[in-house]
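Read the structure below first, then the notes.
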Amino acid sequence: MLDLRSSERCCGELARRNAKNFYWGFISLPHEQRTAIYALYDFARQVDDDVDEHVGTDLRARLEASRLRIHRCMRGEYSDPVTQVLSRAIARYGIPELELQELIDGVETDLNRSRYATWPDLRAYCRLVASVVGRMCVRIFGFSEAVALDFAEDLGVALQLTNILRDVREDALRGRIYLPQDELARFGIAESDLLEGRRGPAWPQLVRFQADRAARLYASGLRLLEYIPRRSAVCVKTMAGIYARILAKIEADPWLPLSTRASLNHMEKLHVVVESWLQAG
């Protein structure tokens, strides 16, 4: 038997260690919601790490094991601290098995696909790896109207697109190029430019094009705030605020992603937290 309080502390520690940006939003939530979000994040991180950190092993078998963990969670069964807390969250907040399985579908996509022809193709991927997590978070937050789930989808895509811009060279070195192939071609950018960090004249234009798309998605996604409780709104504003500032850094220096990963320091993140609480009223 696992001790629930110990499992909750374990989930919190895993989230604190791994969720370098999201954790600053998580801490605004009440205890029950916070521990549920920790477990959801930790599970998603474990599934993602299975693909990224176990190259050469039977990755599909590992993902099938994750699918089995979810199936058992739906029956209130667990074998580790993360699934113990997650199984309680599933029962308490009505998290559908389909959304958890879609998360694994998204991670599994990285085993089969390393290029995306068009924006609709990429958006479908972003929905699986990010938007379904947003929907599950909104179920934990509580919401007044179902449209909140749709806005969560847009916000998830905005966050993932910011990630894609931030990590563009790192991903390319891993053999993955997420930016749509037709848009790279439109701006005259070759894959070798990303691999070598080459500063072609059209790169800032592509960055601005993607940043404008992300900004529209943030604007739509943040309408979610109208339909969730105040402390949950602070959580969302903090997470979105941190990523929006990362995006702003990339806009200010479009060459940054070709050389290093854009990030905020602790004081910058703390400023976003304080601003989010003040704006919440």
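By convention here, the chains of the structure tokens are called A, B, ... in the order presented, each chain's residues are numbered starting at 1, and ligands are numbered starting at 1 in the order presented.
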
Selection near A:Leu256, 12 Å with only C-alpha atoms, sequence-local residues under 2 positions removed, as a PDB file with N, CA and C atoms, in the first residue's frame:
ATOM      1  N   LEU A 165       9.105  27.110 -31.571  1.00  0.00           N
ATOM      2  CA  LEU A 165      10.016  28.192 -31.942  1.00  0.00           C
ATOM      3  C   LEU A 165      11.240  28.220 -31.036  1.00  0.00           C
ATOM      4  N   ARG A 166      11.015  28.058 -29.750  1.00  0.00           N
ATOM      5  CA  ARG A 166      12.114  28.106 -28.782  1.00  0.00           C
ATOM      6  C   ARG A 166      13.131  27.002 -29.017  1.00  0.00           C
ATOM      7  N   ASP A 167      12.650  25.808 -29.361  1.00  0.00           N
ATOM      8  CA  ASP A 167      13.513  24.625 -29.429  1.00  0.00           C
ATOM      9  C   ASP A 167      13.858  24.221 -30.853  1.00  0.00           C
ATOM     10  N   VAL A 168      13.716  25.144 -31.811  1.00  0.00           N
ATOM     11  CA  VAL A 168      13.772  24.751 -33.222  1.00  0.00           C
ATOM     12  C   VAL A 168      15.098  24.091 -33.595  1.00  0.00           C
ATOM     13  N   ARG A 169      16.208  24.620 -33.130  1.00  0.00           N
ATOM     14  CA  ARG A 169      17.496  24.012 -33.509  1.00  0.00           C
ATOM     15  C   ARG A 169      17.740  22.727 -32.728  1.00  0.00           C
ATOM     16  N   GLU A 170      17.397  22.727 -31.462  1.00  0.00           N
ATOM     17  CA  GLU A 170      17.554  21.520 -30.644  1.00  0.00           C
ATOM     18  C   GLU A 170      16.761  20.358 -31.228  1.00  0.00           C
ATOM     19  N   LEU A 194      18.528  25.339 -40.295  1.00  0.00           N
ATOM     20  CA  LEU A 194      18.190  25.088 -38.898  1.00  0.00           C
ATOM     21  C   LEU A 194      19.286  24.274 -38.216  1.00  0.00           C
ATOM     22  N   GLY A 197      22.327  26.539 -37.833  1.00  0.00           N
ATOM     23  CA  GLY A 197      22.111  27.840 -37.224  1.00  0.00           C
ATOM     24  C   GLY A 197      22.423  28.981 -38.167  1.00  0.00           C
ATOM     25  N   ARG A 198      22.208  28.748 -39.453  1.00  0.00           N
ATOM     26  CA  ARG A 198      22.571  29.747 -40.456  1.00  0.00           C
ATOM     27  C   ARG A 198      21.580  30.906 -40.441  1.00  0.00           C
ATOM     28  N   ARG A 199      22.104  32.116 -40.497  1.00  0.00           N
ATOM     29  CA  ARG A 199      21.274  33.311 -40.387  1.00  0.00           C
ATOM     30  C   ARG A 199      20.853  33.816 -41.767  1.00  0.00           C
ATOM     31  N   TRP A 203      14.743  34.441 -42.175  1.00  0.00           N
ATOM     32  CA  TRP A 203      14.412  33.823 -40.887  1.00  0.00           C
ATOM     33  C   TRP A 203      13.608  34.756 -39.975  1.00  0.00           C
ATOM     34  N   PRO A 204      13.986  36.031 -39.795  1.00  0.00           N
ATOM     35  CA  PRO A 204      13.168  36.915 -38.949  1.00  0.00           C
ATOM     36  C   PRO A 204      11.729  37.037 -39.432  1.00  0.00           C
ATOM     37  N   VAL A 207       9.925  33.912 -38.249  1.00  0.00           N
ATOM     38  CA  VAL A 207       9.678  34.020 -36.809  1.00  0.00           C
ATOM     39  C   VAL A 207       8.502  34.951 -36.542  1.00  0.00           C
ATOM     40  N   ILE A 246       8.543  34.537 -23.155  1.00  0.00           N
ATOM     41  CA  ILE A 246       9.549  33.806 -23.940  1.00  0.00           C
ATOM     42  C   ILE A 246       9.373  34.116 -25.421  1.00  0.00           C
ATOM     43  N   LEU A 247       8.129  34.116 -25.868  1.00  0.00           N
ATOM     44  CA  LEU A 247       7.847  34.453 -27.261  1.00  0.00           C
ATOM     45  C   LEU A 247       8.298  35.871 -27.579  1.00  0.00           C
ATOM     46  N   ALA A 248       8.078  36.790 -26.648  1.00  0.00           N
ATOM     47  CA  ALA A 248       8.497  38.181 -26.863  1.00  0.00           C
ATOM     48  C   ALA A 248      10.015  38.289 -26.993  1.00  0.00           C
ATOM     49  N   LYS A 249      10.739  37.482 -26.211  1.00  0.00           N
ATOM     50  CA  LYS A 249      12.203  37.484 -26.325  1.00  0.00           C
ATOM     51  C   LYS A 249      12.634  36.997 -27.707  1.00  0.00           C
ATOM     52  N   ILE A 250      11.949  35.997 -28.212  1.00  0.00           N
ATOM     53  CA  ILE A 250      12.279  35.479 -29.536  1.00  0.00           C
ATOM     54  C   ILE A 250      11.945  36.517 -30.609  1.00  0.00           C
ATOM     55  N   GLU A 251      10.819  37.197 -30.446  1.00  0.00           N
ATOM     56  CA  GLU A 251      10.466  38.246 -31.408  1.00  0.00           C
ATOM     57  C   GLU A 251      11.507  39.362 -31.402  1.00  0.00           C
ATOM     58  N   ALA A 252      11.991  39.707 -30.197  1.00  0.00           N
ATOM     59  CA  ALA A 252      12.976  40.777 -30.093  1.00  0.00           C
ATOM     60  C   ALA A 252      14.324  40.380 -30.676  1.00  0.00           C
ATOM     61  N   ASP A 253      14.638  39.087 -30.632  1.00  0.00           N
ATOM     62  CA  ASP A 253      15.895  38.581 -31.186  1.00  0.00           C
ATOM     63  C   ASP A 253      15.601  37.285 -31.937  1.00  0.00           C
ATOM     64  N   PRO A 254      15.150  37.385 -33.190  1.00  0.00           N
ATOM     65  CA  PRO A 254      14.741  36.187 -33.940  1.00  0.00           C
ATOM     66  C   PRO A 254      15.841  35.148 -34.105  1.00  0.00           C
ATOM     67  N   LEU A 258      18.223  29.923 -32.921  1.00  0.00           N
ATOM     68  CA  LEU A 258      19.223  29.224 -33.732  1.00  0.00           C
ATOM     69  C   LEU A 258      20.530  29.009 -32.977  1.00  0.00           C
ATOM     70  N   SER A 259      20.615  29.593 -31.775  1.00  0.00           N
ATOM     71  CA  SER A 259      21.850  29.451 -31.008  1.00  0.00           C
ATOM     72  C   SER A 259      21.639  28.923 -29.594  1.00  0.00           C
ATOM     73  N   THR A 260      20.515  29.263 -28.960  1.00  0.00           N
ATOM     74  CA  THR A 260      20.292  28.839 -27.584  1.00  0.00           C
ATOM     75  C   THR A 260      18.797  28.817 -27.297  1.00  0.00           C
ATOM     76  N   ARG A 261      18.430  28.323 -26.146  1.00  0.00           N
ATOM     77  CA  ARG A 261      17.021  28.246 -25.755  1.00  0.00           C
ATOM     78  C   ARG A 261      16.630  29.496 -24.977  1.00  0.00           C
ATOM     79  N   ALA A 262      15.628  30.207 -25.450  1.00  0.00           N
ATOM     80  CA  ALA A 262      15.138  31.396 -24.753  1.00  0.00           C
ATOM     81  C   ALA A 262      14.470  30.976 -23.443  1.00  0.00           C
ATOM     82  N   SER A 263      14.701  31.743 -22.392  1.00  0.00           N
ATOM     83  CA  SER A 263      14.115  31.419 -21.090  1.00  0.00           C
ATOM     84  C   SER A 263      14.004  32.681 -20.247  1.00  0.00           C
TER      85      SER A 263
END

Problem - alpha helix (DSSP H) positions in stretch 40-238 of chain A, given as an MDAnalysis selection string - result: chainID A and resid 40:52 59:74 81:93 97:112 119:126 132:141 147:166 168:173 181:186 191:196 203:221 230:238

Practice task
Would you kindly return, as a ChimeraX atom specification, each protein, DNA or RNA residue with an atom no farther than 7 Å from any atom of stretch 86-90 of chain A, considering only C-alpha atoms and excluding same-chain residues fewer than 5 positions away?
Solution key: /A:36,39-40,73-74,76-77,95

Deliver the residues from the most recent selection as a file, using N, CA and C atoms, as a short mmCIF file (atom, residue, chain, number, x, y, z; two decimals), in the first residue's frame.
data_model
loop_
_atom_site.label_atom_id
_atom_site.label_comp_id
_atom_site.auth_asym_id
_atom_site.auth_seq_id
_atom_site.Cartn_x
_atom_site.Cartn_y
_atom_site.Cartn_z
N ALA A 36 -3.62 17.30 -8.04
CA ALA A 36 -4.15 16.64 -9.24
C ALA A 36 -3.37 17.10 -10.48
N ALA A 39 0.09 15.51 -10.59
CA ALA A 39 0.07 14.12 -11.06
C ALA A 39 -0.14 14.05 -12.57
N LEU A 40 -1.02 14.90 -13.08
CA LEU A 40 -1.26 14.92 -14.52
C LEU A 40 0.00 15.33 -15.27
N CYS A 73 -5.78 3.13 -13.98
CA CYS A 73 -6.19 4.33 -13.23
C CYS A 73 -7.70 4.54 -13.33
N MET A 74 -8.26 4.29 -14.50
CA MET A 74 -9.70 4.48 -14.68
C MET A 74 -10.50 3.56 -13.77
N GLY A 76 -9.42 2.89 -10.76
CA GLY A 76 -8.99 3.21 -9.40
C GLY A 76 -7.81 2.40 -8.93
N GLU A 77 -7.09 1.78 -9.87
CA GLU A 77 -5.93 0.96 -9.52
C GLU A 77 -4.65 1.74 -9.79
N ILE A 95 -12.06 13.09 -15.46
CA ILE A 95 -11.14 13.14 -16.60
C ILE A 95 -11.39 11.92 -17.48
#

Residues of stretch 29-146 of chain A that have any atom at most 9 Å from an atom of stretch 172-179 of chain A: could you tabulate them with the shortest-distance atom pair and the distance in Å to one decimal, using only C-alpha atoms, ordered by chain and increasing number, as CSV?
residue,atom,partner,partner_atom,distance
A:Asp110,CA,A:Arg176,CA,8.3
A:Arg113,CA,A:Arg176,CA,8.2
A:Ser114,CA,A:Arg176,CA,4.6
A:Arg115,CA,A:Ile177,CA,5.4
A:Tyr116,CA,A:Tyr178,CA,6.0
A:Ala117,CA,A:Leu179,CA,8.5
A:Thr118,CA,A:Leu179,CA,8.4
A:Trp119,CA,A:Leu179,CA,8.0
A:Leu122,CA,A:Tyr178,CA,7.0

With N, CA and C atoms retained, could you export that selection as an mmCIF file, in the first residue's frame?
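Saved result, result.cif, follows:
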data_model
loop_
_atom_site.group_PDB
_atom_site.id
_atom_site.type_symbol
_atom_site.label_atom_id
_atom_site.label_comp_id
_atom_site.auth_asym_id
_atom_site.auth_seq_id
_atom_site.Cartn_x
_atom_site.Cartn_y
_atom_site.Cartn_z
ATOM 1 N N ASP A 110 5.676 11.085 -32.416
ATOM 2 C CA ASP A 110 7.104 11.378 -32.577
ATOM 3 C C ASP A 110 7.914 10.154 -32.983
ATOM 4 N N ARG A 113 6.755 10.177 -37.064
ATOM 5 C CA ARG A 113 6.730 11.358 -37.916
ATOM 6 C C ARG A 113 7.704 12.406 -37.401
ATOM 7 N N SER A 114 8.478 12.983 -38.302
ATOM 8 C CA SER A 114 9.432 14.018 -37.908
ATOM 9 C C SER A 114 9.288 15.291 -38.735
ATOM 10 N N ARG A 115 8.290 15.339 -39.641
ATOM 11 C CA ARG A 115 8.037 16.506 -40.465
ATOM 12 C C ARG A 115 6.526 16.721 -40.580
ATOM 13 N N TYR A 116 6.134 17.974 -40.787
ATOM 14 C CA TYR A 116 4.725 18.330 -40.932
ATOM 15 C C TYR A 116 4.579 19.201 -42.170
ATOM 16 N N ALA A 117 3.753 18.760 -43.093
ATOM 17 C CA ALA A 117 3.662 19.428 -44.397
ATOM 18 C C ALA A 117 3.019 20.797 -44.295
ATOM 19 N N THR A 118 1.968 20.925 -43.482
ATOM 20 C CA THR A 118 1.187 22.154 -43.440
ATOM 21 C C THR A 118 0.847 22.515 -42.000
ATOM 22 N N TRP A 119 0.336 23.735 -41.814
ATOM 23 C CA TRP A 119 -0.089 24.151 -40.481
ATOM 24 C C TRP A 119 -1.223 23.270 -39.933
ATOM 25 N N LEU A 122 0.391 20.304 -38.406
ATOM 26 C CA LEU A 122 1.086 20.600 -37.156
ATOM 27 C C LEU A 122 0.094 20.891 -36.039
#

Exercise for the section: With a distance cut-off of 10 Å and only C-alpha atoms, select the neighbouring residues of A:His271, excluding the residue or stretch itself and same-chain residues fewer than 3 positions from it, and output the selection as JSON, numbers by chain. Expected result: {"A": [238, 241, 242, 266, 267, 268, 274, 275, 276]}

Problem - d(atom CA of A:Phe141, atom CA of A:Val157) in Å - result: 18.9 Å

Exercise for the section: For each of A:Thr109, A:Ser131, A:Asn265, A:Ser232, take the minimum atom-to-atom distance to A:Gly25, counting only C-alpha atoms, then give the residue where this is smallest. Expected result: A:Ser232

Problem - Test item: residues at most 6 Å from stretch 210-219 of chain A, only C-alpha atoms, excluding those fewer than 4 positions along its chain, as an NGL selection string - result: :A and (154-155 or 158)

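Shortest atom-to-atom contact with A:Ala124 among A:Val85, A:Leu161, A:Leu184, A:Val273: A:Leu161, counting only C-alpha atoms.
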
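Considering the residues A:Arg139, A:Arg123, A:Arg223, A:Lys20 and counting only C-alpha atoms, A:Ala91 has its shortest atom-to-atom contact with A:Arg139.
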
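Closest approach to A:Leu224 among A:Ala152, A:Leu98, A:Ala19, A:Ala185: A:Ala152, based on only C-alpha atoms.
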